[in-house]
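Dumped upload_37.tsv below, it's TSV, C-alpha atoms:
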chain	number	residue	atom	x	y	z
E	1	MET	CA	5.03	56.89	22.90
E	2	GLU	CA	6.59	58.59	19.88
E	3	LYS	CA	4.64	59.22	16.71
E	4	ILE	CA	5.94	58.52	13.23
E	5	LEU	CA	6.29	61.14	10.49
E	6	HIS	CA	4.84	59.70	7.27
E	7	ASP	CA	5.96	60.82	3.84
E	8	THR	CA	3.78	60.84	0.72
E	9	SER	CA	4.72	57.35	-0.44
E	10	SER	CA	3.89	55.92	2.98
E	11	LEU	CA	0.50	57.65	2.98
E	12	ILE	CA	-0.30	56.36	-0.50
E	13	GLU	CA	0.72	52.82	0.44
E	14	ASN	CA	-1.42	52.86	3.59
E	15	TYR	CA	-4.36	54.28	1.64
E	16	LYS	CA	-4.05	51.50	-0.95
E	17	LEU	CA	-4.01	48.95	1.88
E	18	ASN	CA	-7.30	50.45	3.13
E	19	VAL	CA	-5.75	51.79	6.35
E	20	ARG	CA	-8.07	54.58	7.48
E	21	GLU	CA	-6.62	55.39	10.91
E	22	ILE	CA	-3.01	56.25	11.67
E	23	LYS	CA	-1.79	57.82	14.90
E	24	ALA	CA	1.07	59.74	13.31
E	25	PHE	CA	2.18	62.99	11.69
E	26	THR	CA	2.58	64.19	8.13
E	27	THR	CA	3.40	67.57	6.61
E	28	ILE	CA	1.17	69.94	4.68
E	29	LEU	CA	3.36	69.37	1.60
E	30	ASN	CA	2.52	65.65	1.72
E	31	VAL	CA	-1.18	66.53	1.89
E	32	ILE	CA	-0.79	68.83	-1.12
E	33	GLU	CA	0.82	65.95	-3.04
E	34	PHE	CA	-1.78	63.43	-1.84
E	35	PRO	CA	-5.03	65.15	-0.70
E	36	LYS	CA	-6.76	61.83	0.07
E	37	ALA	CA	-4.50	61.66	3.14
E	38	LEU	CA	-7.08	63.89	4.83
E	39	GLU	CA	-9.46	60.91	4.78
E	40	ILE	CA	-7.14	59.07	7.21
E	41	SER	CA	-8.31	59.71	10.76
E	42	LYS	CA	-5.98	60.61	13.64
E	43	LEU	CA	-3.32	61.73	11.17
E	44	GLU	CA	-1.99	65.08	12.36
E	45	VAL	CA	-0.80	67.57	9.74
E	46	LEU	CA	2.20	69.77	10.52
E	47	TYR	CA	2.35	73.17	8.86
E	48	PRO	CA	4.48	76.29	9.35
E	49	ILE	CA	3.16	79.49	10.87
E	50	ILE	CA	4.50	83.01	10.72
E	51	LEU	CA	5.14	84.59	14.09
E	52	ILE	CA	5.69	88.34	14.03
E	53	ILE	CA	6.98	89.89	17.22
E	54	ASN	CA	7.10	93.66	17.43
Encoded form using structure tokens:
Amino acid sequence: MEKILHDTSSLIENYKLNVREIKAFTTILNVIEFPKALEISKLEVLYPIILIIN
């Protein structure tokens, strides 16, 4: 089953509707815009990493 990528407006709307569990993804930028998104369980946050190969 595929997971959905939620944007900030979707996270805010779900939070207002008292949804506290979402099996989906969001980005770290959305969390910066709306920190309360971290209160939503099972929401996975995608963030970039730096990989240095010598």
Could you work out how far CA of Ile12 (chain E) lies from CA of Tyr47 (chain E), giving the answer in Å with one decimal?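 Spanning CA of Tyr47 (chain E) to CA of Ile12 (chain E) is a straight-line distance of 19.4 Å.
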Using only C-alpha atoms, the residue out of E:Lys42, E:Glu33, E:Leu17, E:Phe25 with shortest distance to Glu2 (chain E) is E:Phe25
Considering only C-alpha atoms, can you say which of E:Ala37, E:Ile53, E:Leu5, E:Val45 comes closest to Glu21 (chain E)?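 Checking each candidate against Glu21 (chain E), we get E:Ala37 as the closest.
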Using all atoms listed in the file, find the one residue out of E:Asn14, E:Glu39, E:Leu46, E:His6 that sits nearest to Thr27 (chain E).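 The answer is E:Leu46, which sits nearest to Thr27 (chain E).
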What does the distance from CA of Ser10 (chain E) to CA of Leu29 (chain E) come to in Å, to one decimal?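 For CA of Ser10 (chain E) relative to CA of Leu29 (chain E), the distance reads 13.5 Å.
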Starting from the incomplete input, reconstruct N, CA and C atoms of region 1-28 of chain E and report them as a PDB file, in the coordinates of the input.
ATOM      1  N   MET E   1       4.803  57.585  24.150  1.00  0.00           N
ATOM      2  CA  MET E   1       5.030  56.890  22.900  1.00  0.00           C
ATOM      3  C   MET E   1       5.257  57.905  21.777  1.00  0.00           C
ATOM      4  N   GLU E   2       6.280  57.683  20.985  1.00  0.00           N
ATOM      5  CA  GLU E   2       6.590  58.590  19.880  1.00  0.00           C
ATOM      6  C   GLU E   2       5.698  58.312  18.696  1.00  0.00           C
ATOM      7  N   LYS E   3       5.429  59.370  17.924  1.00  0.00           N
ATOM      8  CA  LYS E   3       4.640  59.220  16.710  1.00  0.00           C
ATOM      9  C   LYS E   3       5.570  59.264  15.504  1.00  0.00           C
ATOM     10  N   ILE E   4       5.155  58.614  14.456  1.00  0.00           N
ATOM     11  CA  ILE E   4       5.940  58.520  13.230  1.00  0.00           C
ATOM     12  C   ILE E   4       5.564  59.671  12.294  1.00  0.00           C
ATOM     13  N   LEU E   5       6.528  60.139  11.517  1.00  0.00           N
ATOM     14  CA  LEU E   5       6.290  61.140  10.490  1.00  0.00           C
ATOM     15  C   LEU E   5       6.212  60.423   9.141  1.00  0.00           C
ATOM     16  N   HIS E   6       5.040  60.408   8.540  1.00  0.00           N
ATOM     17  CA  HIS E   6       4.840  59.700   7.270  1.00  0.00           C
ATOM     18  C   HIS E   6       5.111  60.624   6.084  1.00  0.00           C
ATOM     19  N   ASP E   7       5.769  60.073   5.073  1.00  0.00           N
ATOM     20  CA  ASP E   7       5.960  60.820   3.840  1.00  0.00           C
ATOM     21  C   ASP E   7       4.843  60.440   2.858  1.00  0.00           C
ATOM     22  N   THR E   8       4.847  61.053   1.692  1.00  0.00           N
ATOM     23  CA  THR E   8       3.780  60.840   0.720  1.00  0.00           C
ATOM     24  C   THR E   8       3.660  59.389   0.290  1.00  0.00           C
ATOM     25  N   SER E   9       4.777  58.737   0.025  1.00  0.00           N
ATOM     26  CA  SER E   9       4.720  57.350  -0.440  1.00  0.00           C
ATOM     27  C   SER E   9       4.135  56.429   0.632  1.00  0.00           C
ATOM     28  N   SER E  10       4.446  56.701   1.877  1.00  0.00           N
ATOM     29  CA  SER E  10       3.890  55.920   2.980  1.00  0.00           C
ATOM     30  C   SER E  10       2.383  56.122   3.091  1.00  0.00           C
ATOM     31  N   LEU E  11       1.940  57.354   2.927  1.00  0.00           N
ATOM     32  CA  LEU E  11       0.500  57.650   2.980  1.00  0.00           C
ATOM     33  C   LEU E  11      -0.246  56.960   1.843  1.00  0.00           C
ATOM     34  N   ILE E  12       0.328  57.004   0.650  1.00  0.00           N
ATOM     35  CA  ILE E  12      -0.300  56.360  -0.500  1.00  0.00           C
ATOM     36  C   ILE E  12      -0.377  54.854  -0.290  1.00  0.00           C
ATOM     37  N   GLU E  13       0.691  54.264   0.196  1.00  0.00           N
ATOM     38  CA  GLU E  13       0.720  52.820   0.440  1.00  0.00           C
ATOM     39  C   GLU E  13      -0.329  52.417   1.476  1.00  0.00           C
ATOM     40  N   ASN E  14      -0.414  53.158   2.566  1.00  0.00           N
ATOM     41  CA  ASN E  14      -1.420  52.860   3.590  1.00  0.00           C
ATOM     42  C   ASN E  14      -2.830  53.034   3.047  1.00  0.00           C
ATOM     43  N   TYR E  15      -3.034  54.050   2.231  1.00  0.00           N
ATOM     44  CA  TYR E  15      -4.360  54.280   1.640  1.00  0.00           C
ATOM     45  C   TYR E  15      -4.744  53.119   0.729  1.00  0.00           C
ATOM     46  N   LYS E  16      -3.796  52.643  -0.066  1.00  0.00           N
ATOM     47  CA  LYS E  16      -4.050  51.500  -0.950  1.00  0.00           C
ATOM     48  C   LYS E  16      -4.364  50.234  -0.171  1.00  0.00           C
ATOM     49  N   LEU E  17      -3.764  50.118   1.029  1.00  0.00           N
ATOM     50  CA  LEU E  17      -4.010  48.950   1.880  1.00  0.00           C
ATOM     51  C   LEU E  17      -5.272  49.108   2.727  1.00  0.00           C
ATOM     52  N   ASN E  18      -6.026  50.178   2.457  1.00  0.00           N
ATOM     53  CA  ASN E  18      -7.300  50.450   3.130  1.00  0.00           C
ATOM     54  C   ASN E  18      -7.133  50.809   4.610  1.00  0.00           C
ATOM     55  N   VAL E  19      -5.967  51.317   4.982  1.00  0.00           N
ATOM     56  CA  VAL E  19      -5.750  51.790   6.350  1.00  0.00           C
ATOM     57  C   VAL E  19      -6.401  53.165   6.446  1.00  0.00           C
ATOM     58  N   ARG E  20      -7.345  53.311   7.370  1.00  0.00           N
ATOM     59  CA  ARG E  20      -8.070  54.580   7.480  1.00  0.00           C
ATOM     60  C   ARG E  20      -7.883  55.258   8.830  1.00  0.00           C
ATOM     61  N   GLU E  21      -6.952  54.751   9.639  1.00  0.00           N
ATOM     62  CA  GLU E  21      -6.620  55.390  10.910  1.00  0.00           C
ATOM     63  C   GLU E  21      -5.149  55.185  11.201  1.00  0.00           C
ATOM     64  N   ILE E  22      -4.436  56.292  11.360  1.00  0.00           N
ATOM     65  CA  ILE E  22      -3.010  56.250  11.670  1.00  0.00           C
ATOM     66  C   ILE E  22      -2.737  57.295  12.751  1.00  0.00           C
ATOM     67  N   LYS E  23      -2.193  56.875  13.864  1.00  0.00           N
ATOM     68  CA  LYS E  23      -1.790  57.820  14.900  1.00  0.00           C
ATOM     69  C   LYS E  23      -0.366  58.252  14.596  1.00  0.00           C
ATOM     70  N   ALA E  24      -0.246  59.299  13.760  1.00  0.00           N
ATOM     71  CA  ALA E  24       1.070  59.740  13.310  1.00  0.00           C
ATOM     72  C   ALA E  24       0.971  61.167  12.775  1.00  0.00           C
ATOM     73  N   PHE E  25       2.097  61.651  12.267  1.00  0.00           N
ATOM     74  CA  PHE E  25       2.180  62.990  11.690  1.00  0.00           C
ATOM     75  C   PHE E  25       2.488  62.902  10.196  1.00  0.00           C
ATOM     76  N   THR E  26       2.131  63.960   9.490  1.00  0.00           N
ATOM     77  CA  THR E  26       2.580  64.190   8.130  1.00  0.00           C
ATOM     78  C   THR E  26       2.705  65.699   7.958  1.00  0.00           C
ATOM     79  N   THR E  27       3.253  66.133   6.837  1.00  0.00           N
ATOM     80  CA  THR E  27       3.400  67.570   6.610  1.00  0.00           C
ATOM     81  C   THR E  27       2.351  68.059   5.619  1.00  0.00           C
ATOM     82  N   ILE E  28       2.136  69.345   5.609  1.00  0.00           N
ATOM     83  CA  ILE E  28       1.170  69.940   4.680  1.00  0.00           C
ATOM     84  C   ILE E  28       1.592  69.699   3.230  1.00  0.00           C
TER      85      ILE E  28
END
